[in-house]
file work02.cif (mmCIF, C-alpha atoms)
data_target
loop_
_atom_site.group_PDB
_atom_site.id
_atom_site.type_symbol
_atom_site.label_atom_id
_atom_site.label_comp_id
_atom_site.auth_asym_id
_atom_site.auth_seq_id
_atom_site.Cartn_x
_atom_site.Cartn_y
_atom_site.Cartn_z
ATOM 1 C CA MET N 186 -4.021 15.547 9.892
ATOM 2 C CA LEU N 187 -3.552 12.493 7.709
ATOM 3 C CA PRO N 188 -0.129 10.868 7.730
ATOM 4 C CA TYR N 189 1.866 11.412 4.566
ATOM 5 C CA THR N 190 1.628 7.751 3.595
ATOM 6 C CA ALA N 191 0.930 5.969 0.299
ATOM 7 C CA TYR N 192 -0.769 2.581 0.031
ATOM 8 C CA LEU N 193 -0.996 -0.485 -2.177
ATOM 9 C CA ARG N 194 -4.246 -2.376 -1.600
ATOM 10 C CA VAL N 195 -5.592 -5.698 -2.813
ATOM 11 C CA TYR N 196 -9.382 -5.804 -3.220
ATOM 12 C CA GLN N 197 -10.727 -9.351 -3.191
ATOM 13 C CA PRO N 198 -13.962 -10.249 -5.005
ATOM 14 C CA ILE N 199 -16.693 -10.981 -2.495
ATOM 15 C CA ASP N 200 -17.108 -14.575 -3.694
ATOM 16 C CA SER N 201 -13.455 -15.355 -2.844
ATOM 17 C CA PHE N 202 -14.257 -15.212 0.887
ATOM 18 C CA PRO N 203 -15.520 -18.190 2.918
ATOM 19 C CA PRO N 204 -19.338 -18.160 3.296
ATOM 20 C CA SER N 205 -19.308 -16.778 6.874
ATOM 21 C CA ASP N 206 -16.931 -13.940 5.944
ATOM 22 C CA ARG N 207 -18.852 -13.292 2.742
ATOM 23 C CA GLY N 208 -22.056 -12.770 4.708
ATOM 24 C CA TYR N 209 -20.307 -10.423 7.115
ATOM 25 C CA TRP N 210 -18.825 -8.251 4.340
ATOM 26 C CA GLU N 211 -22.099 -8.113 2.411
ATOM 27 C CA ALA N 212 -23.861 -6.868 5.549
ATOM 28 C CA TYR N 213 -20.987 -4.457 6.201
ATOM 29 C CA ALA N 214 -21.263 -3.018 2.697
ATOM 30 C CA ALA N 215 -24.983 -2.428 3.235
ATOM 31 C CA SER N 216 -24.468 -0.783 6.644
ATOM 32 C CA SER N 217 -24.947 2.938 7.090
ATOM 33 C CA ASP N 218 -22.541 3.015 10.054
ATOM 34 C CA ARG N 219 -19.328 1.939 8.335
ATOM 35 C CA PRO N 220 -16.677 4.533 7.415
ATOM 36 C CA ARG N 221 -17.336 5.796 3.897
ATOM 37 C CA ARG N 222 -14.565 5.768 1.304
ATOM 38 C CA ILE N 223 -13.879 9.478 1.632
ATOM 39 C CA ASN N 224 -13.448 9.171 5.422
ATOM 40 C CA ALA N 225 -12.050 5.635 5.740
ATOM 41 C CA LEU N 226 -8.358 6.575 5.698
ATOM 42 C CA ALA N 227 -8.866 9.238 8.358
ATOM 43 C CA ALA N 228 -10.887 6.796 10.478
ATOM 44 C CA GLU N 229 -8.142 4.186 10.252
ATOM 45 C CA HIS N 230 -5.518 6.778 11.182
ATOM 46 C CA ASP N 231 -7.542 8.048 14.165
ATOM 47 C CA GLU N 232 -7.951 4.505 15.457
ATOM 48 C CA SER N 233 -4.201 3.900 15.293
ATOM 49 C CA LEU N 234 -3.411 7.254 16.894
ATOM 50 C CA THR N 235 -5.763 6.537 19.818
ATOM 51 C CA ARG N 236 -4.036 3.224 20.409
ATOM 52 C CA ILE N 237 -0.539 4.724 20.289
ATOM 53 C CA LEU N 238 -1.458 7.570 22.679
ATOM 54 C CA SER N 239 -3.014 5.250 25.265
ATOM 55 C CA ASP N 240 -1.187 4.524 28.535
ATOM 56 C CA PRO N 241 0.624 2.270 28.003
ATOM 57 C CA PRO N 242 0.677 2.536 24.191
ATOM 58 C CA ALA N 243 -0.700 -0.548 22.459
ATOM 59 C CA VAL N 244 1.316 -2.104 19.652
ATOM 60 C CA ALA N 245 -1.755 -3.783 18.153
ATOM 61 C CA PRO N 246 -5.480 -4.000 18.931
ATOM 62 C CA PHE N 247 -6.619 -7.017 20.956
ATOM 63 C CA GLU N 248 -8.964 -8.075 18.148
ATOM 64 C CA GLU N 249 -8.725 -7.841 14.388
ATOM 65 C CA SER N 250 -10.493 -4.902 12.756
ATOM 66 C CA GLY N 251 -13.941 -5.492 11.331
ATOM 67 C CA ASP N 252 -13.594 -2.637 8.840
ATOM 68 C CA ALA N 253 -12.583 -2.648 5.182
ATOM 69 C CA TYR N 254 -12.151 -0.524 2.087
ATOM 70 C CA LEU N 255 -14.828 -1.347 -0.477
ATOM 71 C CA ARG N 256 -15.183 -0.997 -4.230
ATOM 72 C CA ARG N 257 -17.915 -1.885 -6.679
ATOM 73 C CA VAL N 258 -16.861 -2.571 -10.269
ATOM 74 C CA ASN N 259 -19.490 -3.662 -12.808
ATOM 75 C CA GLU N 260 -21.935 -4.257 -9.915
ATOM 76 C CA ARG N 261 -19.478 -6.647 -8.233
ATOM 77 C CA LEU N 262 -18.374 -6.013 -4.656
ATOM 78 C CA TYR N 263 -14.638 -6.037 -3.850
ATOM 79 C CA VAL N 264 -13.316 -5.935 -0.287
ATOM 80 C CA CYS N 265 -9.958 -4.903 1.168
ATOM 81 C CA PRO N 266 -10.022 -5.662 4.939
ATOM 82 C CA TRP N 267 -8.034 -3.257 7.067
ATOM 83 C CA GLN N 268 -6.301 -6.142 8.940
ATOM 84 C CA THR N 269 -5.129 -3.593 11.503
ATOM 85 C CA ARG N 270 -3.908 -6.140 14.056
ATOM 86 C CA LEU N 271 -1.901 -8.186 11.547
ATOM 87 C CA ARG N 272 -0.374 -5.110 9.923
ATOM 88 C CA SER N 273 0.472 -3.644 13.348
ATOM 89 C CA TRP N 274 2.231 -6.845 14.414
ATOM 90 C CA GLN N 275 4.285 -6.903 11.244
ATOM 91 C CA ALA N 276 5.088 -3.177 11.392
ATOM 92 C CA PHE N 277 6.244 -3.548 14.992
ATOM 93 C CA GLY N 278 8.424 -6.499 14.011
ATOM 94 C CA GLU N 279 10.079 -4.381 11.307
ATOM 95 C CA PHE N 280 10.489 -1.480 13.740
ATOM 96 C CA SER N 281 12.045 -3.715 16.416
ATOM 97 C CA GLY N 282 14.402 -5.322 13.913
ATOM 98 C CA ALA N 283 15.666 -1.940 12.712
ATOM 99 C CA THR N 284 15.821 -0.141 16.091
ATOM 100 C CA PRO N 285 18.257 -0.747 18.982
ATOM 101 C CA ALA N 286 16.475 -2.077 22.071
ATOM 102 C CA VAL N 287 17.462 0.940 24.153
ATOM 103 C CA LEU N 288 15.597 3.181 21.712
ATOM 104 C CA SER N 289 12.580 0.941 21.053
ATOM 105 C CA ASP N 290 11.978 0.694 24.833
ATOM 106 C CA ALA N 291 11.571 4.471 24.875
ATOM 107 C CA PHE N 292 8.616 4.156 22.496
ATOM 108 C CA ILE N 293 7.016 0.895 23.636
ATOM 109 C CA PRO N 294 7.262 -0.533 27.177
ATOM 110 C CA ALA N 295 8.908 -3.955 27.317
ATOM 111 C CA CYS N 296 5.748 -5.583 28.728
ATOM 112 C CA GLU N 297 3.651 -4.357 25.796
ATOM 113 C CA ALA N 298 6.292 -5.418 23.274
ATOM 114 C CA GLU N 299 6.353 -8.897 24.820
ATOM 115 C CA ARG N 300 2.555 -9.121 24.721
ATOM 116 C CA ALA N 301 2.495 -8.200 21.048
ATOM 117 C CA GLU N 302 5.237 -10.705 20.205
ATOM 118 C CA GLU N 303 3.470 -13.490 22.122
ATOM 119 C CA ASP N 304 0.103 -12.732 20.513
ATOM 120 C CA TYR N 305 1.640 -12.721 17.040
ATOM 121 C CA ARG N 306 3.502 -15.968 17.739
ATOM 122 C CA ALA N 307 0.308 -17.633 19.004
ATOM 123 C CA TRP N 308 -1.571 -16.434 15.918
ATOM 124 C CA ARG N 309 1.049 -17.968 13.618
ATOM 125 C CA GLU N 310 1.270 -21.197 15.610
ATOM 126 C CA ALA N 311 -2.500 -21.573 15.337
ATOM 127 C CA GLY N 312 -1.940 -22.143 11.630
ATOM 128 C CA SER N 313 -3.139 -18.783 10.320
ATOM 129 C CA ARG N 314 -2.033 -18.174 6.734
ATOM 130 C CA VAL N 315 -3.561 -14.784 6.073
ATOM 131 C CA TRP N 316 -1.377 -12.344 4.161
ATOM 132 C CA PRO N 317 -1.806 -8.576 4.600
ATOM 133 C CA GLY N 318 -3.595 -7.080 1.631
ATOM 134 C CA ILE N 319 -2.271 -3.567 2.282
ATOM 135 C CA LYS N 320 1.261 -2.203 1.950
ATOM 136 C CA SER N 321 2.188 1.285 3.154
ATOM 137 C CA SER N 322 5.081 3.663 2.533
ATOM 138 C CA ASN N 323 5.716 6.883 4.455
ATOM 139 C CA TRP N 324 6.662 10.093 2.635
ATOM 140 C CA THR N 325 7.201 8.452 -0.759
ATOM 141 C CA VAL N 326 5.975 5.924 -3.303
ATOM 142 C CA PRO N 327 8.572 3.207 -4.021
ATOM 143 C CA LEU N 328 9.391 3.111 -7.730
ATOM 144 C CA ALA N 329 8.463 -0.580 -7.968
ATOM 145 C CA TRP N 330 4.883 0.283 -6.989
ATOM 146 C CA PHE N 331 4.387 2.051 -10.324
ATOM 147 C CA ILE N 332 5.214 -1.050 -12.391
ATOM 148 C CA PRO N 333 1.837 -2.857 -12.042
ATOM 149 C CA PHE N 334 -0.158 0.026 -13.555
ATOM 150 C CA GLU N 335 -0.679 1.910 -16.810
ATOM 151 C CA ASP N 336 -1.180 5.636 -17.255
ATOM 152 C CA GLN N 337 -4.798 5.318 -18.414
ATOM 153 C CA GLU N 338 -5.671 3.711 -15.065
ATOM 154 C CA ARG N 339 -4.895 7.003 -13.313
ATOM 155 C CA CYS N 340 -7.541 8.939 -11.346
ATOM 156 C CA LEU N 341 -6.739 12.445 -10.056
ATOM 157 C CA VAL N 342 -9.274 14.413 -7.994
ATOM 158 C CA LEU N 343 -8.389 17.901 -6.759
ATOM 159 C CA SER N 344 -10.702 20.273 -4.937
ATOM 160 C CA THR N 345 -10.588 23.122 -2.469
ATOM 161 C CA ASP N 346 -11.831 20.990 0.427
ATOM 162 C CA THR N 347 -10.350 17.799 1.898
ATOM 163 C CA THR N 348 -10.890 15.739 -1.263
ATOM 164 C CA ARG N 349 -7.466 15.352 -2.844
ATOM 165 C CA THR N 350 -6.785 11.970 -4.390
ATOM 166 C CA LEU N 351 -4.381 10.426 -6.853
ATOM 167 C CA LEU N 352 -4.761 6.717 -7.406
ATOM 168 C CA TYR N 353 -4.503 3.911 -9.945
ATOM 169 C CA LEU N 354 -6.679 0.813 -10.148
ATOM 170 C CA THR N 355 -6.072 -2.321 -12.203
ATOM 171 C CA ARG N 356 -6.793 -6.030 -12.210
ATOM 172 C CA VAL N 357 -4.187 -8.112 -10.392
ATOM 173 C CA SER N 358 -3.832 -10.323 -13.470
ATOM 174 C CA PHE N 359 -2.782 -7.259 -15.504
ATOM 175 C CA ALA N 360 -0.463 -6.112 -12.697
ATOM 176 C CA GLN N 361 1.262 -9.491 -12.545
ATOM 177 C CA ARG N 362 1.745 -9.562 -16.307
ATOM 178 C CA ARG N 363 3.455 -6.153 -16.179
ATOM 179 C CA LEU N 364 5.626 -7.192 -13.249
ATOM 180 C CA VAL N 365 6.718 -10.389 -15.006
ATOM 181 C CA HIS N 366 7.637 -8.402 -18.133
ATOM 182 C CA THR N 367 9.614 -5.862 -16.125
ATOM 183 C CA ILE N 368 11.444 -8.517 -14.121
ATOM 184 C CA ALA N 369 12.427 -10.366 -17.303
ATOM 185 C CA THR N 370 13.664 -7.122 -18.882
ATOM 186 C CA LEU N 371 15.720 -6.156 -15.839
ATOM 187 C CA ARG N 372 17.252 -9.626 -15.566
ATOM 188 C CA GLU N 373 18.222 -9.611 -19.235
ATOM 189 C CA LYS N 374 19.428 -6.029 -19.581
ATOM 190 C CA VAL N 375 20.904 -5.180 -16.172
ATOM 191 C CA GLY N 376 23.896 -6.999 -14.745
ATOM 192 C CA ASP N 377 22.968 -6.555 -11.074
ATOM 193 C CA PRO N 378 20.329 -9.092 -9.910
ATOM 194 C CA ALA N 379 19.442 -6.806 -6.975
ATOM 195 C CA VAL N 380 17.829 -4.300 -9.361
ATOM 196 C CA ALA N 381 14.922 -6.669 -10.004
ATOM 197 C CA LEU N 382 14.393 -7.602 -6.337
ATOM 198 C CA PRO N 383 11.737 -4.957 -5.482
ATOM 199 C CA ALA N 384 9.610 -6.044 -8.462
ATOM 200 C CA GLU N 385 10.145 -9.718 -7.613
ATOM 201 C CA ARG N 386 9.019 -9.164 -4.020
ATOM 202 C CA LEU N 387 5.982 -7.238 -5.190
ATOM 203 C CA LEU N 388 5.022 -10.033 -7.579
ATOM 204 C CA ALA N 389 5.405 -12.605 -4.788
ATOM 205 C CA TRP N 390 3.171 -10.502 -2.522
ATOM 206 C CA THR N 391 0.382 -10.324 -5.112
ATOM 207 C CA GLU N 392 0.605 -14.087 -5.610
ATOM 208 C CA ARG N 393 0.127 -14.646 -1.872
ATOM 209 C CA ALA N 394 -2.347 -11.898 -1.009
ATOM 210 C CA ALA N 395 -4.580 -11.684 -4.087
ATOM 211 C CA PRO N 396 -7.069 -14.432 -4.991
ATOM 212 C CA ALA N 397 -8.085 -14.825 -8.629
ATOM 213 C CA GLY N 398 -10.125 -11.906 -9.915
ATOM 214 C CA SER N 399 -8.751 -9.383 -7.391
ATOM 215 C CA LEU N 400 -8.045 -5.700 -8.019
ATOM 216 C CA LEU N 401 -4.880 -3.772 -7.141
ATOM 217 C CA GLU N 402 -4.962 -0.113 -6.130
ATOM 218 C CA LEU N 403 -2.140 2.383 -5.729
ATOM 219 C CA ASP N 404 -3.377 5.217 -3.519
ATOM 220 C CA TYR N 405 -1.178 8.259 -2.864
ATOM 221 C CA GLY N 406 -3.065 8.436 0.451
ATOM 222 C CA GLY N 407 -2.003 11.493 2.456
ATOM 223 C CA LEU N 408 0.644 12.671 -0.014
ATOM 224 C CA PRO N 409 -1.768 14.839 -2.091
ATOM 225 C CA HIS N 410 -2.283 16.995 1.041
ATOM 226 C CA LEU N 411 1.450 17.672 1.008
ATOM 227 C CA LEU N 412 1.860 18.338 -2.732
ATOM 228 C CA SER N 413 0.573 21.177 -4.902
ATOM 229 C CA ASP N 414 -2.026 20.850 -7.650
ATOM 230 C CA GLU N 415 0.698 21.532 -10.197
ATOM 231 C CA HIS N 416 2.938 18.790 -8.821
ATOM 232 C CA LEU N 417 0.134 16.221 -8.800
ATOM 233 C CA SER N 418 -1.105 17.165 -12.273
ATOM 234 C CA ALA N 419 2.414 16.834 -13.677
ATOM 235 C CA ASP N 420 3.166 13.562 -11.896
ATOM 236 C CA ARG N 421 3.099 10.812 -14.543
ATOM 237 C CA SER N 422 5.341 8.407 -12.657
ATOM 238 C CA VAL N 423 3.512 5.305 -13.883
ATOM 239 C CA ALA N 424 3.877 6.359 -17.520
ATOM 240 C CA GLU N 425 7.556 7.179 -17.017
ATOM 241 C CA VAL N 426 8.326 3.833 -15.363
ATOM 242 C CA SER N 427 6.574 2.004 -18.207
ATOM 243 C CA GLU N 428 8.471 4.076 -20.767
ATOM 244 C CA ALA N 429 11.780 3.394 -19.019
ATOM 245 C CA VAL N 430 11.139 -0.368 -19.055
ATOM 246 C CA GLU N 431 10.303 -0.316 -22.765
ATOM 247 C CA ALA N 432 13.360 1.823 -23.521
ATOM 248 C CA LEU N 433 15.524 -0.690 -21.676
ATOM 249 C CA ALA N 434 13.880 -3.616 -23.493
ATOM 250 C CA SER N 435 14.631 -1.996 -26.858
ATOM 251 C CA GLY N 436 18.254 -1.328 -25.931
ATOM 252 C CA ASP N 437 17.897 2.436 -25.418
ATOM 253 C CA THR N 438 19.791 2.424 -22.128
ATOM 254 C CA GLU N 439 20.494 6.155 -22.236
ATOM 255 C CA ARG N 440 16.773 7.009 -22.351
ATOM 256 C CA ALA N 441 15.982 4.475 -19.636
ATOM 257 C CA MET N 442 18.584 5.997 -17.335
ATOM 258 C CA ARG N 443 17.380 9.525 -18.065
ATOM 259 C CA LEU N 444 13.834 8.584 -17.091
ATOM 260 C CA ARG N 445 15.047 6.823 -13.964
ATOM 261 C CA ARG N 446 17.019 9.902 -12.889
ATOM 262 C CA ARG N 447 13.929 12.063 -13.395
ATOM 263 C CA LEU N 448 11.797 9.708 -11.287
ATOM 264 C CA THR N 449 14.417 9.414 -8.565
ATOM 265 C CA HIS N 450 14.827 13.184 -8.364
ATOM 266 C CA ARG N 451 11.052 13.730 -8.160
ATOM 267 C CA TRP N 452 10.568 11.302 -5.299
ATOM 268 C CA LYS N 453 13.703 12.362 -3.448
ATOM 269 C CA SER N 454 12.344 15.921 -3.448
ATOM 270 C CA VAL N 455 9.070 14.651 -1.953
ATOM 271 C CA ARG N 456 10.888 12.581 0.664
ATOM 272 C CA ALA N 457 12.990 15.587 1.604
ATOM 273 C CA LEU N 458 9.831 17.389 2.770
ATOM 274 C CA GLU N 459 9.844 15.089 5.809
ATOM 275 C CA ARG N 460 12.676 17.199 7.215
ATOM 276 C CA ALA N 461 11.480 20.571 5.951
ATOM 277 C CA ASN N 462 10.249 23.250 8.356
#
call {"tool": "encode", "arguments": {"input": "work02.cif", "output": "structure tokens"}}
result
Amino acid sequence: MLPYTAYLRVYQPIDSFPPSDRGYWEAYAASSDRPRRINALAAEHDESLTRILSDPPAVAPFEESGDAYLRRVNERLYVCPWQTRLRSWQAFGEFSGATPAVLSDAFIPACEAERAEEDYRAWREAGSRVWPGIKSSNWTVPLAWFIPFEDQERCLVLSTDTTRTLLYLTRVSFAQRRLVHTIATLREKVGDPAVALPAERLLAWTERAAPAGSLLELDYGGLPHLLSDEHLSADRSVAEVSEAVEALASGDTERAMRLRRRLTHRWKSVRALERAN
């Protein structure tokens, strides 16, 4: 079973990689053994599950993953490395920071936690400046994630088998332009500076993680396996966020708030399924 997790992914153009990495990813793309797009998310999940269920459970793999999500647009190859080790280190850091030690020790033995922290520290001290190109969110899609996209960039695939997908794909340059516009609107029209923070952080992430010419993808991931065809077909969250921003920019605060309440209610109802029987 796939986790009910949504993803933001940066796909870098193949020529943005150093020559040695470029050669590796070109050979990887041509390989018949790599996980195909339709199975890649499940393969990544299975790998993580195996690591967590080992004795003792491993916070992160000993080596960085050699796998990636791939896209071809206009005959050009784009690559989104899994970066499993880096993402695991960072996820564990967030988990440890938000969880009392007495509880975190029940999940991860102290010796394994120390090993992960030391490995991550050594990686940083070695001068590594790689930013994770994948963000994940369990049981919901944060509202700020809809800002970088437009409704016409939507792709919905529903079938009776395991193929259930809702995603958006855009160029990072377009995404950044939309984020900048939204941030400026929120700063001008809303008195609380905190309201713009999620969009500001997302913009900063794209500036760090996305070389020129990159693509940005919003993938509902495992959520379509939780939601009905009717729910997914009716979900126009990107369009509603865009409409709310434009309503706010034009001074129609009432309409902007009405759209925000609709969005918040929709995603709270999805999040509530986490605790449903």
call {"tool": "closest_residue", "arguments": {"input": "work02.cif", "among": "N:Phe359, N:Tyr213, N:Tyr305, N:Tyr353", "to": "N:Ser273", "atoms": "all atoms listed in the file"}}
result
N:Tyr305
call {"tool": "residues_around", "arguments": {"input": "work02.cif", "residues": "N:Glu302", "least_positions_apart": "3", "cutoff": "12 Å", "atoms": "all atoms listed in the file", "output": "PDB file with C-alpha atoms, in the frame of the given file"}}
result
ATOM      1  CA  ALA N 243      -0.700  -0.548  22.459  1.00  0.00           C
ATOM      2  CA  VAL N 244       1.316  -2.104  19.652  1.00  0.00           C
ATOM      3  CA  ALA N 245      -1.755  -3.783  18.153  1.00  0.00           C
ATOM      4  CA  ARG N 270      -3.908  -6.140  14.056  1.00  0.00           C
ATOM      5  CA  LEU N 271      -1.901  -8.186  11.547  1.00  0.00           C
ATOM      6  CA  SER N 273       0.472  -3.644  13.348  1.00  0.00           C
ATOM      7  CA  TRP N 274       2.231  -6.845  14.414  1.00  0.00           C
ATOM      8  CA  GLN N 275       4.285  -6.903  11.244  1.00  0.00           C
ATOM      9  CA  ALA N 276       5.088  -3.177  11.392  1.00  0.00           C
ATOM     10  CA  PHE N 277       6.244  -3.548  14.992  1.00  0.00           C
ATOM     11  CA  GLY N 278       8.424  -6.499  14.011  1.00  0.00           C
ATOM     12  CA  GLU N 279      10.079  -4.381  11.307  1.00  0.00           C
ATOM     13  CA  SER N 281      12.045  -3.715  16.416  1.00  0.00           C
ATOM     14  CA  ALA N 295       8.908  -3.955  27.317  1.00  0.00           C
ATOM     15  CA  CYS N 296       5.748  -5.583  28.728  1.00  0.00           C
ATOM     16  CA  GLU N 297       3.651  -4.357  25.796  1.00  0.00           C
ATOM     17  CA  ALA N 298       6.292  -5.418  23.274  1.00  0.00           C
ATOM     18  CA  GLU N 299       6.353  -8.897  24.820  1.00  0.00           C
ATOM     19  CA  TYR N 305       1.640 -12.721  17.040  1.00  0.00           C
ATOM     20  CA  ARG N 306       3.502 -15.968  17.739  1.00  0.00           C
ATOM     21  CA  ALA N 307       0.308 -17.633  19.004  1.00  0.00           C
ATOM     22  CA  TRP N 308      -1.571 -16.434  15.918  1.00  0.00           C
ATOM     23  CA  ARG N 309       1.049 -17.968  13.618  1.00  0.00           C
TER      24      ARG N 309
END
call {"tool": "resolve_selection", "arguments": {"input": "work02.cif", "expression": "the PyMOL selection byres ((chain N and resi 364) around 8)", "output": "PyMOL selection string"}}
result
chain N and resi 332-333+360-363+365-368+384-385+388
call {"tool": "write_last_selection", "arguments": {"input": "work02.cif", "atoms": "C-alpha atoms", "output": "PDB file, keeping the file's coordinate frame"}}
result
ATOM      1  CA  ILE N 332       5.214  -1.050 -12.391  1.00  0.00           C
ATOM      2  CA  PRO N 333       1.837  -2.857 -12.042  1.00  0.00           C
ATOM      3  CA  ALA N 360      -0.463  -6.112 -12.697  1.00  0.00           C
ATOM      4  CA  GLN N 361       1.262  -9.491 -12.545  1.00  0.00           C
ATOM      5  CA  ARG N 362       1.745  -9.562 -16.307  1.00  0.00           C
ATOM      6  CA  ARG N 363       3.455  -6.153 -16.179  1.00  0.00           C
ATOM      7  CA  VAL N 365       6.718 -10.389 -15.006  1.00  0.00           C
ATOM      8  CA  HIS N 366       7.637  -8.402 -18.133  1.00  0.00           C
ATOM      9  CA  THR N 367       9.614  -5.862 -16.125  1.00  0.00           C
ATOM     10  CA  ILE N 368      11.444  -8.517 -14.121  1.00  0.00           C
ATOM     11  CA  ALA N 384       9.610  -6.044  -8.462  1.00  0.00           C
ATOM     12  CA  GLU N 385      10.145  -9.718  -7.613  1.00  0.00           C
ATOM     13  CA  LEU N 388       5.022 -10.033  -7.579  1.00  0.00           C
TER      14      LEU N 388
END
call {"tool": "residues_around", "arguments": {"input": "work02.cif", "residues": "N:Arg236", "least_positions_apart": "3", "cutoff": "12 Å", "atoms": "all atoms listed in the file", "output": "count of residues only"}}
result
18
call {"tool": "closest_residue", "arguments": {"input": "work02.cif", "among": "N:Ser250, N:Val357, N:Ser427, N:Val258", "to": "N:Ala394", "atoms": "all atoms listed in the file"}}
result
N:Val357
call {"tool": "residues_around", "arguments": {"input": "work02.cif", "residues": "stretch 402-413 of chain N", "least_positions_apart": "2", "cutoff": "7 Å", "atoms": "only C-alpha atoms", "output": "MDAnalysis selection string"}}
result
chainID N and resid 187:195 349:355 400 415:417
call {"tool": "resolve_selection", "arguments": {"input": "work02.cif", "expression": "the PyMOL selection byres ((chain N and resi 432) around 12)", "output": "PyMOL selection string"}}
result
chain N and resi 367+370-371+374+425-431+433-445
call {"tool": "closest_residue", "arguments": {"input": "work02.cif", "among": "N:Arg460, N:Ala419, N:Ala253, N:Pro220", "to": "N:Leu341", "atoms": "only C-alpha atoms"}}
result
N:Ala419
call {"tool": "residues_around", "arguments": {"input": "work02.cif", "residues": "N:Arg393", "least_positions_apart": "3", "cutoff": "12 Å", "atoms": "all atoms listed in the file", "output": "ChimeraX atom specification"}}
result
/N:195,314-318,357,361,386-390,396-397,399
call {"tool": "closest_residue", "arguments": {"input": "work02.cif", "among": "N:Ala379, N:Ile237, N:Ala212, N:Leu343", "to": "N:Ser418", "atoms": "only C-alpha atoms"}}
result
N:Leu343
call {"tool": "residues_around", "arguments": {"input": "work02.cif", "residues": "stretch 200-203 of chain N", "least_positions_apart": "4", "cutoff": "10 Å", "atoms": "all atoms listed in the file", "output": "VMD selection string"}}
result
chain N and resid 207 to 210 261 to 264 395 to 399
call {"tool": "resolve_selection", "arguments": {"input": "work02.cif", "expression": "the PyMOL selection byres ((chain N and resi 458) around 12)", "output": "list of chain:residue names"}}
result
N:Tyr189, N:Asn323, N:Trp324, N:Thr325, N:Leu408, N:Leu411, N:Leu412, N:Arg451, N:Trp452, N:Lys453, N:Ser454, N:Val455, N:Arg456, N:Ala457, N:Glu459, N:Arg460, N:Ala461, N:Asn462
call {"tool": "atom_distance", "arguments": {"input": "work02.cif", "atom1": "atom CA of N:Cys265", "atom2": "atom CA of N:Gln197"}}
result
6.3 Å
call {"tool": "closest_residue", "arguments": {"input": "work02.cif", "among": "N:Arg356, N:His450, N:Arg300, N:Thr348", "to": "N:Ala227", "atoms": "only C-alpha atoms"}}
result
N:Thr348
call {"tool": "atom_distance", "arguments": {"input": "work02.cif", "atom1": "atom CA of N:Gly251", "atom2": "atom CA of N:Pro198"}}
result
17.0 Å
call {"tool": "atom_distance", "arguments": {"input": "work02.cif", "atom1": "atom CA of N:Asp377", "atom2": "atom CA of N:Ser358"}}
result
27.2 Å
call {"tool": "closest_residue", "arguments": {"input": "work02.cif", "among": "N:Arg372, N:Ile199, N:Asp218, N:Val326", "to": "N:Arg257", "atoms": "only C-alpha atoms"}}
result
N:Ile199
